[in-house]
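*Asks:* Structure file coords-v6.cif (mmCIF, C-alpha atoms) is given on the next line.
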data_run
loop_
_atom_site.group_PDB
_atom_site.id
_atom_site.type_symbol
_atom_site.label_atom_id
_atom_site.label_comp_id
_atom_site.auth_asym_id
_atom_site.auth_seq_id
_atom_site.Cartn_x
_atom_site.Cartn_y
_atom_site.Cartn_z
ATOM 1 C CA MET A 267 -48.779 -90.652 28.071
ATOM 2 C CA VAL A 268 -51.788 -89.242 26.251
ATOM 3 C CA PHE A 269 -51.685 -85.432 26.009
ATOM 4 C CA PHE A 270 -55.010 -84.964 27.823
ATOM 5 C CA GLU A 271 -53.859 -87.143 30.766
ATOM 6 C CA LEU A 272 -51.357 -84.415 31.688
ATOM 7 C CA PHE A 273 -54.270 -82.345 32.993
ATOM 8 C CA ALA A 274 -56.150 -85.070 34.890
ATOM 9 C CA HIS A 275 -54.734 -84.431 38.401
ATOM 10 C CA ASN A 276 -56.768 -82.026 40.560
ATOM 11 C CA PRO A 277 -58.333 -80.209 37.621
ATOM 12 C CA THR A 278 -60.128 -76.897 37.899
ATOM 13 C CA ILE A 279 -63.143 -77.327 35.630
ATOM 14 C CA VAL A 280 -64.781 -74.320 33.972
ATOM 15 C CA ARG A 281 -68.236 -74.990 32.569
ATOM 16 C CA VAL A 282 -69.412 -72.796 29.699
ATOM 17 C CA PRO A 283 -72.970 -73.169 28.351
ATOM 18 C CA ALA A 284 -73.556 -73.156 24.595
ATOM 19 C CA GLY A 285 -73.611 -69.614 23.246
ATOM 20 C CA GLU A 286 -71.493 -68.180 26.082
ATOM 21 C CA THR A 287 -67.829 -67.169 25.963
ATOM 22 C CA LEU A 288 -64.934 -68.666 27.890
ATOM 23 C CA PHE A 289 -63.064 -65.383 27.444
ATOM 24 C CA ASN A 290 -63.159 -62.378 25.148
ATOM 25 C CA GLU A 291 -60.630 -60.680 22.921
ATOM 26 C CA GLY A 292 -58.891 -58.027 25.019
ATOM 27 C CA ASP A 293 -59.416 -59.777 28.391
ATOM 28 C CA ASP A 294 -56.394 -60.339 30.612
ATOM 29 C CA GLY A 295 -54.825 -63.708 29.802
ATOM 30 C CA GLY A 296 -53.586 -65.528 32.890
ATOM 31 C CA LEU A 297 -54.914 -69.026 32.249
ATOM 32 C CA MET A 298 -54.662 -71.626 29.515
ATOM 33 C CA TYR A 299 -57.502 -74.091 28.956
ATOM 34 C CA VAL A 300 -57.908 -77.626 27.646
ATOM 35 C CA LEU A 301 -61.293 -78.517 26.187
ATOM 36 C CA ALA A 302 -62.485 -81.602 28.073
ATOM 37 C CA SER A 303 -65.936 -81.849 26.491
ATOM 38 C CA GLY A 304 -68.057 -80.001 23.973
ATOM 39 C CA SER A 305 -66.999 -77.811 21.077
ATOM 40 C CA ALA A 306 -66.104 -74.137 20.749
ATOM 41 C CA ASP A 307 -65.025 -71.575 18.180
ATOM 42 C CA VAL A 308 -61.996 -69.307 18.342
ATOM 43 C CA VAL A 309 -63.091 -65.893 17.056
ATOM 44 C CA VAL A 310 -60.837 -63.006 15.995
ATOM 45 C CA ASN A 311 -62.399 -59.729 14.833
ATOM 46 C CA ASN A 312 -65.828 -61.428 14.598
ATOM 47 C CA ARG A 313 -64.402 -64.163 12.350
ATOM 48 C CA VAL A 314 -64.201 -67.860 13.280
ATOM 49 C CA VAL A 315 -60.572 -68.858 12.794
ATOM 50 C CA GLU A 316 -60.628 -72.296 14.443
ATOM 51 C CA GLN A 317 -63.054 -74.889 15.762
ATOM 52 C CA LEU A 318 -61.982 -76.535 19.025
ATOM 53 C CA GLN A 319 -62.708 -80.158 19.878
ATOM 54 C CA HIS A 320 -61.917 -82.488 22.795
ATOM 55 C CA GLY A 321 -58.287 -82.067 23.853
ATOM 56 C CA SER A 322 -57.745 -78.703 22.124
ATOM 57 C CA ILE A 323 -55.758 -76.107 24.030
ATOM 58 C CA VAL A 324 -56.559 -72.421 24.001
ATOM 59 C CA GLY A 325 -55.244 -69.375 25.812
ATOM 60 C CA GLU A 326 -51.640 -70.572 25.771
ATOM 61 C CA MET A 327 -50.379 -67.262 24.392
ATOM 62 C CA GLY A 328 -51.352 -65.524 27.624
ATOM 63 C CA LEU A 329 -48.991 -67.785 29.558
ATOM 64 C CA VAL A 330 -46.148 -67.707 27.035
ATOM 65 C CA SER A 331 -46.335 -63.935 26.530
ATOM 66 C CA PRO A 332 -48.532 -62.098 29.056
ATOM 67 C CA GLY A 333 -50.930 -59.554 27.616
ATOM 68 C CA PRO A 334 -54.526 -59.164 26.535
ATOM 69 C CA ARG A 335 -56.290 -62.047 24.805
ATOM 70 C CA SER A 336 -55.947 -61.961 21.021
ATOM 71 C CA ALA A 337 -59.167 -63.918 20.438
ATOM 72 C CA SER A 338 -62.514 -64.837 21.951
ATOM 73 C CA VAL A 339 -63.648 -68.407 22.611
ATOM 74 C CA LEU A 340 -67.353 -69.081 22.102
ATOM 75 C CA ALA A 341 -68.927 -72.381 23.197
ATOM 76 C CA THR A 342 -70.898 -73.907 20.309
ATOM 77 C CA SER A 343 -72.191 -76.624 22.651
ATOM 78 C CA ASP A 344 -72.090 -77.019 26.421
ATOM 79 C CA CYS A 345 -68.368 -77.186 27.275
ATOM 80 C CA GLU A 346 -66.078 -78.158 30.100
ATOM 81 C CA PHE A 347 -62.574 -76.715 30.088
ATOM 82 C CA VAL A 348 -59.682 -77.636 32.373
ATOM 83 C CA ALA A 349 -57.991 -74.426 33.556
ATOM 84 C CA ILE A 350 -54.174 -74.381 33.676
ATOM 85 C CA ASP A 351 -52.541 -71.596 35.695
ATOM 86 C CA GLU A 352 -48.997 -70.302 35.207
ATOM 87 C CA LYS A 353 -47.524 -72.472 37.986
ATOM 88 C CA ARG A 354 -48.919 -75.702 36.480
ATOM 89 C CA PHE A 355 -47.989 -74.555 32.962
ATOM 90 C CA GLN A 356 -44.371 -73.969 34.028
ATOM 91 C CA PHE A 357 -44.284 -77.372 35.737
ATOM 92 C CA LEU A 358 -45.606 -79.110 32.617
ATOM 93 C CA VAL A 359 -43.154 -77.283 30.322
ATOM 94 C CA GLN A 360 -40.176 -78.125 32.543
ATOM 95 C CA ASN A 361 -41.091 -81.741 33.242
ATOM 96 C CA THR A 362 -42.862 -82.877 30.084
ATOM 97 C CA PRO A 363 -41.063 -82.086 26.817
ATOM 98 C CA PHE A 364 -43.998 -83.586 24.898
ATOM 99 C CA PHE A 365 -46.313 -80.956 26.409
ATOM 100 C CA ALA A 366 -43.966 -78.110 25.482
ATOM 101 C CA MET A 367 -43.715 -79.416 21.895
ATOM 102 C CA GLN A 368 -47.508 -79.689 21.632
ATOM 103 C CA VAL A 369 -47.961 -76.086 22.775
ATOM 104 C CA MET A 370 -45.373 -74.897 20.217
ATOM 105 C CA ARG A 371 -47.063 -76.941 17.473
ATOM 106 C CA VAL A 372 -50.451 -75.451 18.277
ATOM 107 C CA MET A 373 -49.027 -71.924 18.181
ATOM 108 C CA ALA A 374 -47.212 -72.590 14.887
ATOM 109 C CA GLU A 375 -50.308 -74.141 13.277
ATOM 110 C CA ARG A 376 -52.429 -71.176 14.344
ATOM 111 C CA LEU A 377 -49.894 -68.717 12.966
ATOM 112 C CA ARG A 378 -49.856 -70.562 9.626
ATOM 113 C CA ALA A 379 -53.660 -70.604 9.521
ATOM 114 C CA VAL A 380 -53.851 -66.861 10.102
ATOM 115 C CA ASP A 381 -51.127 -66.287 7.473
ATOM 116 C CA ARG A 382 -53.322 -68.121 4.943
ATOM 117 C CA MET A 383 -56.214 -65.784 5.764
ATOM 118 C CA LEU A 384 -54.237 -62.637 5.013
ATOM 119 C CA PRO A 385 -54.547 -61.170 1.536
ATOM 120 C CA VAL A 386 -51.477 -61.186 -0.655
ATOM 121 C CA ILE A 387 -49.941 -57.740 -0.973
ATOM 122 C CA GLU A 388 -48.122 -57.083 -4.212
ATOM 123 C CA GLU A 389 -44.481 -56.170 -3.896
ATOM 124 C CA ILE A 390 -43.662 -52.488 -3.947
#
Write the structure described by the file as structure tokens, please.

*Replies:*
Amino acid sequence: MVFFELFAHNPTIVRVPAGETLFNEGDDGGLMYVLASGSADVVVNNRVVEQLQHGSIVGEMGLVSPGPRSASVLATSDCEFVAIDEKRFQFLVQNTPFFAMQVMRVMAERLRAVDRMLPVIEEI
């Protein structure tokens, strides 16, 4: 099964025009999103840290560990996102090991990318 097909049944589509945000850093994070069309930037502290394309997931941290959003998502073209609530997320994690692995990979890749952005601090 293709990763994106996991979200094809009864999707809730969120349309975001170019130049608008899907969500902002500090917002409550109760939904995860899959980018169905368009492109968007993930922005942390006014810095683009990732460019999202078709099939990218975003907002997963808010479902794994509830709390405020750690980033903003800005549409760089007209976008359509599939919204995934906690109930559907839990279902996908429990019933689709591939989905759970993909979410963990995305989180690990993002952590590595941010690590590379941090300046090296000399040992004390």

*Asks:* Do you know which residues are at most 8 Å from Ser338 in chain A counting all atoms listed in the file, after dropping those on the same chain fewer than 3 positions away, and could you put them as an MDAnalysis selection string?

*Replies:* chainID A and resid 287:291 308:310 335

*Asks:* Please determine, counting only C-alpha atoms, which residue among A:Phe357, A:Ala306, A:Phe364, A:Val315 has the shortest atom-to-atom distance to Leu384 in chain A.

*Replies:*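 Among A:Phe357, A:Ala306, A:Phe364, A:Val315, it is A:Val315 that comes nearest to Leu384 in chain A.
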
*Asks:* Would you kindly return, as a list in words, each protein, DNA or RNA residue with an atom no farther than 8 Å from any atom of Leu329 in chain A, considering only C-alpha atoms and excluding same-chain residues fewer than 3 positions away?

*Replies:*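 Final neighbour list, sorted by chain and number: Gly295, Gly296, Leu297, Met298, Gly325, Glu326, Pro332, Glu352 and Phe355 of chain A.
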
*Asks:* Which is closest to Ser305 in chain A among A:Gln368, A:Ser331, A:Thr342, A:Ser336, if we use all atoms listed in the file?

*Replies:*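 Of A:Gln368, A:Ser331, A:Thr342, A:Ser336, the one nearest Ser305 in chain A is A:Thr342, counting all atoms listed in the file.
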
*Asks:* Given the file shown, determine the residues that the PyMOL selection byres ((chain A and resi 372-375) around 9) selects; report them as a count of residues only.

*Replies:* 15
